[in-house]
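Let me begin by presenting the structure, written as structure tokens, before commenting on it.
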Amino acid sequence: MVKLPDDEKSHSDHEVMDQWEDFVKERYPKPHSEEAFNPTDPNKQKEAFRDYEQNARPSVREFYRQNHTHQTYDFVREKKKQYLSFSQKEMGIWEAAEFLNTLVDDSDPDTNLSQLQHLLQTSEAIRRDDRPRWMILTGFIHDLGKVLCLYGEPQWAVVGDTFPVGCAFSDRIVFPEFFAANPDMAQAELQTPLGVYKEGCGLDAVHLSWGHDEYVYQIAKPYLPAEGLYMLRYHSFYPWHREGQYDYLCNQTDRSMLKWVLDFNQYDLYTKSHEAPDPVALKPFYEDLIAEFFPATLKW
Ligand SMILES: [Fe+2]
Ligand SMILES: [Fe+2]
């Protein structure tokens, strides 16, 4: 059998997806925590980020290379056409969580939590802090868009730090050098700071790289308050919420909602522990919570 180097092996289901999440967590340590390197000098911070990138596992680098190469303005609009007609499946929220949970990582069954457990860890941390019920529910559903993987989408089209397409790529996006291979780089009109957008047009008018965030946002749109919807839609938009980029595309609503996205981010990133929540024991609470906001079945 021919032995492939690590980054050419085909990775099982969501192996790289989990590795991406670990990478993001390392790159963005909890603000003011002990591990956090929070230099005030932006050049020092850039250096630190370059180190994270250099030390990233080959599979994570390869994941970003593909993501930055293939997420183009046309690709994103194509995926929206394909998935935002919601003709894939009909299922309720709990059912969707169980469906997502069939995404199995056989690489490291001892240390990785299942998808359902990550959702429950996030939502239970929010619940422990006595936050509003809609926010607990937002935590529970925030990654349900990853069912895109189960429709056969490659991981680079499901997860990853999201960024606007149709305008210049910020150099504060992770691995900016991989954009060199993105076909949009050859289109001058897509490479000005504004590109196809107007200054202050608002993020709602901006196409972000396609993935699980936009998909679950669109599904939840009629049912959750605006703050929750911002959390869903922009939870992977690190260039905006952690790097302060793209403010020139934002309107006042976006700016006032940013704090909610950051508020949510701490629960998503920093509650991962090896203590596994028990889905059977928690199901009745979540069934009630879901029924409070969502119909019994939804089109996906
Ligand atoms: Fe996510
Ligand atoms: Fe998450």
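A note on labels: chains of the structure tokens are A, B, ... as shown, every chain counts residues from 1, and ligands are counted from 1 in their shown order.
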### Message
I'd like the neighbourhood of Asn251 of chain A as a VMD selection string, where a residue qualifies if any of its atoms comes within 9 Å (using only C-alpha atoms), though same-chain residues fewer than 5 positions away should be ignored.
### Response
chain A and resid 199 to 203 256
Print the selection's residues with N, CA and C atoms to a file, as a CSV table (one decimal), in the first residue's frame.
chain,number,residue,atom,x,y,z
A,199,GLU,N,-20.1,51.3,0.8
A,199,GLU,CA,-19.6,51.6,2.2
A,199,GLU,C,-20.8,51.7,3.1
A,200,GLY,N,-20.7,51.0,4.3
A,200,GLY,CA,-21.8,51.0,5.3
A,200,GLY,C,-23.0,50.3,4.9
A,201,CYS,N,-22.9,49.4,3.9
A,201,CYS,CA,-24.2,48.7,3.3
A,201,CYS,C,-24.8,47.8,4.4
A,202,GLY,N,-24.0,47.4,5.4
A,202,GLY,CA,-24.6,46.5,6.4
A,202,GLY,C,-24.2,45.0,6.0
A,203,LEU,N,-23.9,44.2,7.0
A,203,LEU,CA,-23.4,42.8,6.7
A,203,LEU,C,-24.5,42.0,6.1
A,256,SER,N,-23.8,47.5,16.8
A,256,SER,CA,-24.4,47.3,18.1
A,256,SER,C,-24.7,45.8,18.4
#### Entry: Exercise answer, 12 Å around ligand 1 with only C-alpha atoms and all ligand atoms, as an MDAnalysis selection string
chainID A and resid 17:18 20:22 24:25 115 118:119 122 138:147 158:162 211:217 231:238 264:265 267:269
With the cut-off set at 8 Å and counting only C-alpha atoms, tabulate each residue of segment 36-150 of chain A with an atom at most that distance from an atom of segment 278-281 of chain A, showing the nearest atom pair and its distance in Å to one decimal, ordered by chain and increasing number, as CSV.
residue,atom,partner,partner_atom,distance
A:Leu116,CA,A:Pro279,CA,7.6
A:Gln117,CA,A:Pro279,CA,7.3
A:Leu120,CA,A:Pro279,CA,7.6
Selected residues written out, N, CA and C atoms, as an mmCIF file, in the first residue's frame:
data_model
loop_
_atom_site.group_PDB
_atom_site.id
_atom_site.type_symbol
_atom_site.label_atom_id
_atom_site.label_comp_id
_atom_site.auth_asym_id
_atom_site.auth_seq_id
_atom_site.Cartn_x
_atom_site.Cartn_y
_atom_site.Cartn_z
ATOM 1 N N LEU A 116 -23.404 16.278 19.044
ATOM 2 C CA LEU A 116 -24.509 16.573 19.956
ATOM 3 C C LEU A 116 -23.970 17.035 21.320
ATOM 4 N N GLN A 117 -22.872 16.419 21.733
ATOM 5 C CA GLN A 117 -22.295 16.827 23.018
ATOM 6 C C GLN A 117 -21.704 18.226 22.973
ATOM 7 N N LEU A 120 -24.642 20.541 23.281
ATOM 8 C CA LEU A 120 -25.163 20.557 24.649
ATOM 9 C C LEU A 120 -24.196 21.230 25.622
#
### Query
With only C-alpha atoms as the basis for distance, which of A:Asp263, A:Asn67, A:Tyr230, A:Glu243 is at the shortest distance from Arg131 of chain A?
A:Asp263
Residues of segment 188-214 of chain A that approach segment 69-75 of chain A to 9 Å or less, counting only C-alpha atoms: could you list each one with the shortest pair of atoms and its distance in Å to one decimal, rows by chain and increasing residue number, as a tab-separated table?
residue	atom	partner	partner_atom	distance
A:Leu190	CA	A:Tyr73	CA	8.4
A:His207	CA	A:Tyr73	CA	7.6
A:Leu208	CA	A:Tyr73	CA	8.7
A:Ser209	CA	A:Gln71	CA	5.8
A:Trp210	CA	A:Gln71	CA	7.1
### Query
Where in segment 6-251 of chain A does DSSP assign alpha helix (DSSP H), given as a PyMOL selection string?
chain A and resi 15-27+42-54+58-70+73-83+93-100+115-128+133-141+212-220+226-234+238-241
